[in-house]
$ cat input-v3.txt   # compact mmCIF, C-alpha atoms (C1' of nucleotides)
# COMPACT_ATOMS: atom_id res chain seq x y z
CA MET A 1 123.72 133.67 93.12
CA ILE A 2 122.39 130.17 93.01
CA LYS A 3 119.11 130.71 94.77
CA THR A 4 116.54 131.76 92.25
CA LYS A 5 113.74 132.97 94.41
CA LYS A 6 112.75 135.54 96.99
CA GLU A 7 115.58 136.05 99.35
CA LYS A 8 114.56 139.44 100.62
CA ASN A 9 115.36 140.35 104.15
CA ASN A 10 112.14 138.82 105.37
CA GLU A 11 113.31 135.56 103.78
CA ARG A 12 110.17 133.73 102.87
CA SER A 13 111.18 130.30 101.72
CA ALA A 14 110.79 129.01 98.21
CA VAL A 15 107.97 126.87 96.92
CA TYR A 16 108.09 123.84 94.67
CA ASN A 17 105.41 122.66 92.30
CA LEU A 18 104.71 119.15 91.14
CA GLY A 19 101.72 118.95 88.86
CA SER A 20 99.08 120.88 90.75
CA ARG A 21 100.56 120.33 94.20
CA THR A 22 102.77 122.74 96.04
CA PHE A 23 105.50 121.92 98.52
CA ASP A 24 107.67 123.90 100.88
CA CYS A 25 110.30 121.22 101.06
CA PRO A 26 111.99 119.65 98.02
CA ILE A 27 112.38 116.35 99.82
CA GLU A 28 108.67 116.19 100.42
CA LEU A 29 108.07 116.85 96.75
CA THR A 30 110.32 114.02 95.69
CA SER A 31 108.89 111.76 98.33
CA THR A 32 105.37 112.45 97.11
CA ALA A 33 106.31 112.06 93.47
CA ILE A 34 107.52 108.51 93.98
CA ASN A 35 104.98 107.63 96.64
CA GLY A 36 103.15 104.52 95.52
CA LYS A 37 104.08 100.91 95.71
CA TRP A 38 105.01 100.53 92.06
CA LYS A 39 106.10 103.95 90.86
CA LEU A 40 109.82 103.44 91.15
CA LEU A 41 109.59 100.16 89.32
CA ILE A 42 107.51 101.75 86.60
CA ILE A 43 110.07 104.50 86.15
CA TYR A 44 112.81 101.92 86.15
CA ARG A 45 111.17 99.93 83.39
CA LEU A 46 110.54 103.07 81.36
CA SER A 47 114.15 104.05 81.83
CA LEU A 48 115.31 100.78 80.32
CA GLN A 49 113.01 100.94 77.31
CA HIS A 50 112.07 104.32 75.93
CA LYS A 51 108.46 103.45 75.36
CA LEU A 52 106.29 100.65 76.65
CA ARG A 53 102.73 99.62 76.03
CA PHE A 54 100.31 99.16 78.90
CA SER A 55 100.38 95.39 78.54
CA GLN A 56 104.16 95.33 78.40
CA LEU A 57 104.44 97.38 81.56
CA LYS A 58 102.01 95.05 83.23
CA LYS A 59 104.27 92.14 82.40
CA GLU A 60 107.52 93.79 83.38
CA VAL A 61 106.34 95.28 86.66
CA LYS A 62 105.75 91.93 88.23
CA GLY A 63 102.77 91.63 90.53
CA VAL A 64 101.11 94.94 89.72
CA SER A 65 97.39 94.94 89.09
CA GLU A 66 95.84 96.80 86.18
CA LYS A 67 94.13 99.08 88.65
CA MET A 68 97.30 100.17 90.39
CA LEU A 69 99.26 100.39 87.15
CA ILE A 70 96.82 102.75 85.48
CA GLN A 71 96.36 104.70 88.69
CA HIS A 72 100.07 105.29 89.14
CA LEU A 73 100.54 106.07 85.48
CA LYS A 74 97.81 108.68 85.65
CA GLU A 75 99.31 110.31 88.71
CA MET A 76 102.72 110.42 87.11
CA GLU A 77 101.19 111.84 83.97
CA LYS A 78 99.55 114.59 86.04
CA ASP A 79 102.86 115.18 87.75
CA GLY A 80 104.51 115.62 84.36
CA LEU A 81 106.81 112.63 84.68
CA VAL A 82 105.18 110.31 82.19
CA ASP A 83 103.89 110.74 78.66
CA ARG A 84 100.93 108.86 77.31
CA ILE A 85 100.74 108.39 73.57
CA VAL A 86 97.54 107.04 72.07
CA TYR A 87 97.57 105.50 68.61
CA PRO A 88 94.11 105.70 67.07
CA VAL A 89 94.08 102.15 65.83
CA VAL A 90 92.12 99.05 66.51
CA PRO A 91 92.83 97.18 68.64
CA PRO A 92 93.84 100.06 70.89
CA LYS A 93 97.49 100.89 71.28
CA VAL A 94 98.87 103.14 74.00
CA GLU A 95 102.48 103.77 74.81
CA TYR A 96 104.00 105.24 77.92
CA GLY A 97 107.33 106.98 78.18
CA LEU A 98 109.22 109.32 80.45
CA THR A 99 109.02 113.06 79.94
CA GLU A 100 112.07 115.26 80.25
CA ALA A 101 111.34 115.68 83.96
CA GLY A 102 110.83 111.96 84.25
CA ARG A 103 114.15 111.23 82.59
CA SER A 104 115.84 113.67 84.92
CA PHE A 105 114.91 111.30 87.70
CA ILE A 106 116.85 108.39 86.21
CA PRO A 107 120.17 109.35 87.86
CA VAL A 108 118.38 109.57 91.19
CA LEU A 109 116.81 106.19 90.68
CA ASP A 110 120.19 104.80 89.68
CA MET A 111 121.62 105.98 92.98
CA MET A 112 118.73 104.48 94.88
CA ARG A 113 119.28 101.23 93.04
CA ASN A 114 123.02 101.28 93.67
CA TRP A 115 122.44 101.95 97.33
CA GLY A 116 120.18 98.91 97.43
CA LEU A 117 122.82 96.86 95.63
CA SER A 118 125.24 97.49 98.47
CA PHE A 119 123.02 95.36 100.71
CA ILE A 120 123.75 92.22 98.74
CA ALA A 121 123.61 89.11 100.85
CA VAL A 122 126.89 87.43 101.51
CA GLU A 123 126.64 83.79 100.74
CA ALA A 124 127.73 81.30 103.35
CA THR A 125 130.25 79.02 101.67
CA THR A 126 128.56 75.76 102.52
CA MET B 1 133.64 91.28 86.79
CA ILE B 2 131.31 93.66 88.52
CA LYS B 3 128.62 91.22 89.56
CA THR B 4 129.56 89.73 92.88
CA LYS B 5 127.17 86.88 93.24
CA LYS B 6 126.07 83.62 91.68
CA GLU B 7 126.15 83.94 87.97
CA LYS B 8 126.34 80.26 87.16
CA ASN B 9 124.76 79.09 83.98
CA ASN B 10 121.42 78.67 85.75
CA GLU B 11 121.68 82.35 86.72
CA ARG B 12 119.80 82.61 89.97
CA SER B 13 119.57 86.26 90.83
CA ALA B 14 121.14 87.88 93.85
CA VAL B 15 119.42 88.64 97.10
CA TYR B 16 119.60 91.79 99.23
CA ASN B 17 119.15 92.03 102.96
CA LEU B 18 117.91 94.97 104.97
CA GLY B 19 117.68 94.20 108.65
CA SER B 20 115.80 90.92 108.72
CA ARG B 21 114.04 91.40 105.42
CA THR B 22 115.15 89.99 102.11
CA PHE B 23 114.63 91.45 98.67
CA ASP B 24 115.16 90.28 95.14
CA CYS B 25 115.28 93.78 93.76
CA PRO B 26 117.58 96.53 95.06
CA ILE B 27 115.04 99.20 94.20
CA GLU B 28 112.46 97.47 96.34
CA LEU B 29 114.93 97.38 99.20
CA THR B 30 115.60 101.08 98.98
CA SER B 31 111.95 101.83 98.56
CA THR B 32 111.11 99.84 101.67
CA ALA B 33 113.95 101.34 103.69
CA ILE B 34 112.63 104.86 103.20
CA ASN B 35 108.96 103.91 103.25
CA GLY B 36 107.25 105.96 105.92
CA LYS B 37 105.95 109.47 105.88
CA TRP B 38 108.80 110.98 107.89
CA LYS B 39 111.81 108.79 107.28
CA LEU B 40 113.49 110.90 104.65
CA LEU B 41 113.07 114.00 106.76
CA ILE B 42 114.50 112.20 109.77
CA ILE B 43 117.53 111.11 107.78
CA TYR B 44 117.87 114.61 106.42
CA ARG B 45 117.91 116.14 109.90
CA LEU B 46 120.39 113.55 111.11
CA SER B 47 122.58 114.28 108.10
CA LEU B 48 122.73 117.95 109.04
CA GLN B 49 123.56 117.37 112.69
CA HIS B 50 125.52 114.30 113.62
CA LYS B 51 123.47 113.47 116.67
CA LEU B 52 120.08 114.62 117.80
CA ARG B 53 118.01 113.98 120.88
CA PHE B 54 114.49 112.68 120.60
CA SER B 55 113.01 116.02 121.59
CA GLN B 56 115.19 117.87 119.11
CA LEU B 57 114.16 115.56 116.29
CA LYS B 58 110.56 116.10 117.26
CA LYS B 59 111.04 119.83 116.87
CA GLU B 60 112.97 119.71 113.63
CA VAL B 61 110.77 117.21 111.85
CA LYS B 62 107.81 119.50 111.82
CA GLY B 63 104.43 117.90 112.30
CA VAL B 64 105.59 114.46 113.31
CA SER B 65 103.91 112.84 116.31
CA GLU B 66 105.88 111.10 119.02
CA LYS B 67 104.31 107.85 118.00
CA MET B 68 105.40 108.04 114.39
CA LEU B 69 108.81 109.42 115.27
CA ILE B 70 109.69 106.61 117.64
CA GLN B 71 108.15 104.05 115.29
CA HIS B 72 110.21 105.18 112.34
CA LEU B 73 113.34 105.47 114.44
CA LYS B 74 112.89 101.90 115.65
CA GLU B 75 112.41 100.60 112.15
CA MET B 76 115.47 102.40 110.92
CA GLU B 77 117.41 101.11 113.88
CA LYS B 78 116.35 97.57 113.00
CA ASP B 79 117.34 98.23 109.40
CA GLY B 80 120.77 99.30 110.58
CA LEU B 81 120.47 102.88 109.39
CA VAL B 82 120.17 104.64 112.72
CA ASP B 83 122.05 104.39 115.99
CA ARG B 84 120.41 104.94 119.35
CA ILE B 85 122.64 106.01 122.22
CA VAL B 86 121.22 106.01 125.72
CA TYR B 87 122.87 108.06 128.41
CA PRO B 88 122.05 106.60 131.83
CA VAL B 89 121.24 109.90 133.42
CA VAL B 90 118.23 111.53 134.91
CA PRO B 91 116.32 113.07 133.33
CA PRO B 92 116.68 110.59 130.48
CA LYS B 93 118.87 111.47 127.53
CA VAL B 94 118.84 109.59 124.24
CA GLU B 95 120.62 110.55 121.08
CA TYR B 96 120.07 109.35 117.56
CA GLY B 97 122.57 109.33 114.75
CA LEU B 98 123.17 107.73 111.38
CA THR B 99 125.14 104.52 111.12
CA GLU B 100 127.68 103.96 108.40
CA ALA B 101 124.94 102.50 106.22
CA GLY B 102 122.74 105.42 107.10
CA ARG B 103 125.39 107.93 106.16
CA SER B 104 125.90 106.13 102.86
CA PHE B 105 122.37 107.19 102.02
CA ILE B 106 123.13 110.89 102.32
CA PRO B 107 124.33 111.28 98.72
CA VAL B 108 121.15 109.57 97.55
CA LEU B 109 119.04 111.86 99.68
CA ASP B 110 120.97 114.83 98.33
CA MET B 111 120.08 113.82 94.81
CA MET B 112 116.45 113.37 95.75
CA ARG B 113 116.52 116.80 97.32
CA ASN B 114 118.22 118.37 94.32
CA TRP B 115 115.72 116.77 92.01
CA GLY B 116 112.95 118.32 94.11
CA LEU B 117 114.72 121.69 93.99
CA SER B 118 114.45 121.69 90.20
CA PHE B 119 110.68 122.05 90.57
CA ILE B 120 110.97 125.49 92.09
CA ALA B 121 108.00 127.67 91.32
CA VAL B 122 108.61 130.48 88.91
CA GLU B 123 107.28 133.69 90.27
CA ALA B 124 105.03 135.78 88.10
CA THR B 125 106.57 139.25 87.94
CA THR B 126 103.55 141.20 89.04
C1' DC C 1 112.54 113.72 128.96
C1' DC C 2 111.44 109.80 126.45
C1' DG C 3 108.73 107.22 125.39
C1' DT C 4 103.83 103.41 125.71
C1' DA C 5 99.21 102.29 125.16
C1' DT C 6 94.72 102.83 122.95
C1' DC C 7 91.45 104.14 119.95
C1' DC C 8 90.08 105.65 115.65
C1' DT C 9 89.97 107.10 110.70
C1' DT C 10 91.28 107.04 106.11
C1' DA C 11 93.60 106.01 102.04
C1' DG C 12 96.25 102.62 99.70
C1' DG C 13 95.97 98.73 97.54
C1' DG C 14 94.23 93.67 96.21
C1' DA C 15 90.57 90.77 93.75
C1' DT C 16 87.27 90.28 90.55
C1' DA C 17 84.26 91.28 86.87
C1' DC C 18 82.96 94.05 83.03
C1' DT C 19 83.44 97.46 78.53
C1' DG C 20 84.72 100.33 74.06
C1' DC D 1 94.17 95.88 74.07
C1' DA D 2 93.54 99.11 77.43
C1' DG D 3 91.34 100.28 80.50
C1' DT D 4 86.53 100.95 84.34
C1' DA D 5 83.82 99.76 88.07
C1' DT D 6 83.05 97.61 92.58
C1' DC D 7 83.84 95.64 96.72
C1' DC D 8 86.66 94.74 100.44
C1' DC D 9 90.32 94.87 103.77
C1' DT D 10 94.42 95.87 105.95
C1' DA D 11 97.99 98.74 107.68
C1' DA D 12 99.64 103.47 108.05
C1' DG D 13 99.10 107.19 110.42
C1' DG D 14 96.66 110.86 113.66
C1' DA D 15 94.85 112.06 118.48
C1' DT D 16 94.91 111.56 123.05
C1' DA D 17 96.18 109.98 127.47
C1' DC D 18 99.29 107.82 130.53
C1' DG D 19 104.00 105.92 132.60
C1' DG D 20 109.31 105.34 134.30

$ encode --input "input-v3.txt" --output "structure tokens"
Amino acid sequence: MIKTKKEKNNERSAVYNLGSRTFDCPIELTSTAINGKWKLLIIYRLSLQHKLRFSQLKKEVKGVSEKMLIQHLKEMEKDGLVDRIVYPVVPPKVEYGLTEAGRSFIPVLDMMRNWGLSFIAVEATT
Amino acid sequence: MIKTKKEKNNERSAVYNLGSRTFDCPIELTSTAINGKWKLLIIYRLSLQHKLRFSQLKKEVKGVSEKMLIQHLKEMEKDGLVDRIVYPVVPPKVEYGLTEAGRSFIPVLDMMRNWGLSFIAVEATT
DNA sequence: CCGTATCCTTAGGGATACTG
DNA sequence: CAGTATCCCTAAGGATACGG
């Protein structure tokens, strides 16, 4: 009763959609969604502060170039994980935030972060 | 009382070690650990069956080449996530399994998988 | 059976400069 | 401020063939 899709006797497996892409395997979907050197860090920053301007993100995601930042943001927008809000003012003001789907990833990211935390270096007591 | 490492007044941040690499940010560690087209799928397969031979992995991780499979396995072995057991028999027999650290990733992978599952395609009722 | 060894291609990403 | 537009370059990954 949990499976929501075609489980006829011929048992064709389900399909998962992210933006315009289609996946057979949910792990591959997730993997693709966060594929990109800075995406996890972007999501992390957006999870800490509900909305962030382009320039703020650039500062907080240390080391990212404008090119990669905008590129990743666009992909995540296409994938429905990130919202882009344009304020028609001058000078330009644009804010980025997580969508509902994006926010639903926060617990996953938290687990990834916690898993990383368990690799903390033990300090030699010199 | 939760932080386990140097929080003197000068507040130098903690450091995280994966294999021989060092990270300042736990998310970057996790991201690096699973970085590679097939790593998550390899972990997934090894989480379903405690031990798998090279040839079995090659079959179950559909599409992976021998080159990439062995390369990823070696990296994960270096990172302490995967165990490699060699049986001195002929023909050769080698089994791979998750280490303790590797198994500790299974709940994370489960969440990633579940998050992917939520993107299931809704079928048009034609 | 379990890998190595090459060769090759592409896409990801860095650096820099410019624009509405 | 918030991006574009180029150029460049490396490393990730595929294909194929061979070896203990």

$ closest_atom_pairs --input "input-v3.txt" --of "chain C" --to "chain A" --cutoff "9 Å" --atoms "only C-alpha atoms (C1' of nucleotides)" --output "tab-separated table"
residue	atom	partner	partner_atom	distance
C:DG12	C1'	A:Gly36	CA	8.3
C:DG13	C1'	A:Met68	CA	7.4
C:DG14	C1'	A:Ser65	CA	7.9

$ interface_residues --input "input-v3.txt" --of "chain A" --to "chain D" --cutoff "9 Å" --atoms "only C-alpha atoms (C1' of nucleotides)" --output "PyMOL selection string"
chain A and resi 54-55+66-67+70+90-94

$ residues_around --input "input-v3.txt" --residues "segment 86-88 of chain B" --least-positions-apart "5" --cutoff "12 Å" --atoms "all atoms listed in the file" --output "PyMOL selection string"
(chain B and resi 51-54+93-97) or (chain C and resi 1-2)

$ closest_residue --input "input-v3.txt" --among "A:Pro26, A:Pro107, A:Arg45, A:Gly19" --to "chain B" --atoms "only C-alpha atoms"
A:Pro26

$ closest_residue --input "input-v3.txt" --among "B:Ile85, B:Leu57, B:Leu69, B:Ala101" --to "chain A" --atoms "all atoms listed in the file"
B:Ala101

$ interface_residues --input "input-v3.txt" --of "chain A" --to "chain B" --cutoff "6 Å" --atoms "only C-alpha atoms" --output "ChimeraX atom specification"
/A:15-17,26-27,29-30,108,111,113,116-117,119-121

$ atom_distance --input "input-v3.txt" --atom1 "atom CA of Arg84 of chain B" --atom2 "atom C1' of DT6 of chain C"
26.0 Å

$ atom_distance --input "input-v3.txt" --atom1 "atom CA of Glu100 of chain A" --atom2 "atom CA of Ile42 of chain B"
29.8 Å

$ atom_distance --input "input-v3.txt" --atom1 "atom CA of His72 of chain B" --atom2 "atom CA of Ile43 of chain B"
10.5 Å

$ build_atoms --input "input-v3.txt" --residues "segment 52-73 of chain A" --atoms "N, CA, C and O atoms" --output "PDB file, in the frame of the given file"
ATOM      1  N   LEU A  52     106.864 101.963  76.357  1.00  0.00           N
ATOM      2  CA  LEU A  52     106.290 100.650  76.650  1.00  0.00           C
ATOM      3  C   LEU A  52     104.774 100.737  76.596  1.00  0.00           C
ATOM      4  O   LEU A  52     104.171 101.713  77.052  1.00  0.00           O
ATOM      5  N   ARG A  53     104.185  99.695  76.063  1.00  0.00           N
ATOM      6  CA  ARG A  53     102.730  99.620  76.030  1.00  0.00           C
ATOM      7  C   ARG A  53     102.216  99.217  77.410  1.00  0.00           C
ATOM      8  O   ARG A  53     102.949  98.664  78.234  1.00  0.00           O
ATOM      9  N   PHE A  54     100.946  99.498  77.624  1.00  0.00           N
ATOM     10  CA  PHE A  54     100.310  99.160  78.900  1.00  0.00           C
ATOM     11  C   PHE A  54     100.532  97.690  79.240  1.00  0.00           C
ATOM     12  O   PHE A  54     100.964  97.340  80.348  1.00  0.00           O
ATOM     13  N   SER A  55     100.267  96.837  78.281  1.00  0.00           N
ATOM     14  CA  SER A  55     100.380  95.390  78.540  1.00  0.00           C
ATOM     15  C   SER A  55     101.818  94.973  78.803  1.00  0.00           C
ATOM     16  O   SER A  55     102.066  94.054  79.586  1.00  0.00           O
ATOM     17  N   GLN A  56     102.752  95.646  78.157  1.00  0.00           N
ATOM     18  CA  GLN A  56     104.160  95.330  78.400  1.00  0.00           C
ATOM     19  C   GLN A  56     104.573  95.732  79.811  1.00  0.00           C
ATOM     20  O   GLN A  56     105.241  94.980  80.527  1.00  0.00           O
ATOM     21  N   LEU A  57     104.157  96.923  80.196  1.00  0.00           N
ATOM     22  CA  LEU A  57     104.440  97.380  81.560  1.00  0.00           C
ATOM     23  C   LEU A  57     103.867  96.413  82.578  1.00  0.00           C
ATOM     24  O   LEU A  57     104.513  96.066  83.560  1.00  0.00           O
ATOM     25  N   LYS A  58     102.667  95.969  82.299  1.00  0.00           N
ATOM     26  CA  LYS A  58     102.010  95.050  83.230  1.00  0.00           C
ATOM     27  C   LYS A  58     102.835  93.770  83.394  1.00  0.00           C
ATOM     28  O   LYS A  58     102.918  93.208  84.479  1.00  0.00           O
ATOM     29  N   LYS A  59     103.443  93.338  82.317  1.00  0.00           N
ATOM     30  CA  LYS A  59     104.270  92.140  82.400  1.00  0.00           C
ATOM     31  C   LYS A  59     105.582  92.398  83.125  1.00  0.00           C
ATOM     32  O   LYS A  59     106.056  91.584  83.914  1.00  0.00           O
ATOM     33  N   GLU A  60     106.172  93.535  82.855  1.00  0.00           N
ATOM     34  CA  GLU A  60     107.520  93.790  83.380  1.00  0.00           C
ATOM     35  C   GLU A  60     107.494  94.206  84.856  1.00  0.00           C
ATOM     36  O   GLU A  60     108.429  93.891  85.593  1.00  0.00           O
ATOM     37  N   VAL A  61     106.464  94.931  85.249  1.00  0.00           N
ATOM     38  CA  VAL A  61     106.340  95.280  86.660  1.00  0.00           C
ATOM     39  C   VAL A  61     105.589  94.141  87.338  1.00  0.00           C
ATOM     40  O   VAL A  61     104.365  94.135  87.435  1.00  0.00           O
ATOM     41  N   LYS A  62     106.341  93.191  87.789  1.00  0.00           N
ATOM     42  CA  LYS A  62     105.750  91.930  88.230  1.00  0.00           C
ATOM     43  C   LYS A  62     104.901  92.090  89.485  1.00  0.00           C
ATOM     44  O   LYS A  62     105.353  92.620  90.487  1.00  0.00           O
ATOM     45  N   GLY A  63     103.660  91.632  89.387  1.00  0.00           N
ATOM     46  CA  GLY A  63     102.770  91.630  90.530  1.00  0.00           C
ATOM     47  C   GLY A  63     101.785  92.791  90.545  1.00  0.00           C
ATOM     48  O   GLY A  63     100.841  92.781  91.319  1.00  0.00           O
ATOM     49  N   VAL A  64     102.005  93.775  89.699  1.00  0.00           N
ATOM     50  CA  VAL A  64     101.110  94.940  89.720  1.00  0.00           C
ATOM     51  C   VAL A  64      99.775  94.584  89.086  1.00  0.00           C
ATOM     52  O   VAL A  64      99.703  93.812  88.127  1.00  0.00           O
ATOM     53  N   SER A  65      98.720  95.132  89.665  1.00  0.00           N
ATOM     54  CA  SER A  65      97.390  94.940  89.090  1.00  0.00           C
ATOM     55  C   SER A  65      97.131  96.039  88.067  1.00  0.00           C
ATOM     56  O   SER A  65      97.769  97.085  88.073  1.00  0.00           O
ATOM     57  N   GLU A  66      96.178  95.775  87.183  1.00  0.00           N
ATOM     58  CA  GLU A  66      95.840  96.800  86.180  1.00  0.00           C
ATOM     59  C   GLU A  66      95.391  98.083  86.869  1.00  0.00           C
ATOM     60  O   GLU A  66      95.722  99.176  86.442  1.00  0.00           O
ATOM     61  N   LYS A  67      94.648  97.912  87.944  1.00  0.00           N
ATOM     62  CA  LYS A  67      94.130  99.080  88.650  1.00  0.00           C
ATOM     63  C   LYS A  67      95.259  99.969  89.142  1.00  0.00           C
ATOM     64  O   LYS A  67      95.255 101.179  88.915  1.00  0.00           O
ATOM     65  N   MET A  68      96.224  99.380  89.823  1.00  0.00           N
ATOM     66  CA  MET A  68      97.300 100.170  90.390  1.00  0.00           C
ATOM     67  C   MET A  68      98.206 100.720  89.289  1.00  0.00           C
ATOM     68  O   MET A  68      98.711 101.841  89.380  1.00  0.00           O
ATOM     69  N   LEU A  69      98.392  99.933  88.243  1.00  0.00           N
ATOM     70  CA  LEU A  69      99.260 100.390  87.150  1.00  0.00           C
ATOM     71  C   LEU A  69      98.688 101.652  86.511  1.00  0.00           C
ATOM     72  O   LEU A  69      99.375 102.669  86.392  1.00  0.00           O
ATOM     73  N   ILE A  70      97.417 101.586  86.140  1.00  0.00           N
ATOM     74  CA  ILE A  70      96.820 102.750  85.480  1.00  0.00           C
ATOM     75  C   ILE A  70      96.737 103.935  86.439  1.00  0.00           C
ATOM     76  O   ILE A  70      96.932 105.089  86.056  1.00  0.00           O
ATOM     77  N   GLN A  71      96.468 103.633  87.699  1.00  0.00           N
ATOM     78  CA  GLN A  71      96.360 104.700  88.690  1.00  0.00           C
ATOM     79  C   GLN A  71      97.689 105.432  88.865  1.00  0.00           C
ATOM     80  O   GLN A  71      97.741 106.660  88.850  1.00  0.00           O
ATOM     81  N   HIS A  72      98.753 104.672  89.000  1.00  0.00           N
ATOM     82  CA  HIS A  72     100.070 105.290  89.140  1.00  0.00           C
ATOM     83  C   HIS A  72     100.485 106.013  87.869  1.00  0.00           C
ATOM     84  O   HIS A  72     101.051 107.106  87.915  1.00  0.00           O
ATOM     85  N   LEU A  73     100.193 105.416  86.738  1.00  0.00           N
ATOM     86  CA  LEU A  73     100.540 106.070  85.480  1.00  0.00           C
ATOM     87  C   LEU A  73      99.823 107.407  85.338  1.00  0.00           C
ATOM     88  O   LEU A  73     100.413 108.399  84.907  1.00  0.00           O
TER      89      LEU A  73
END
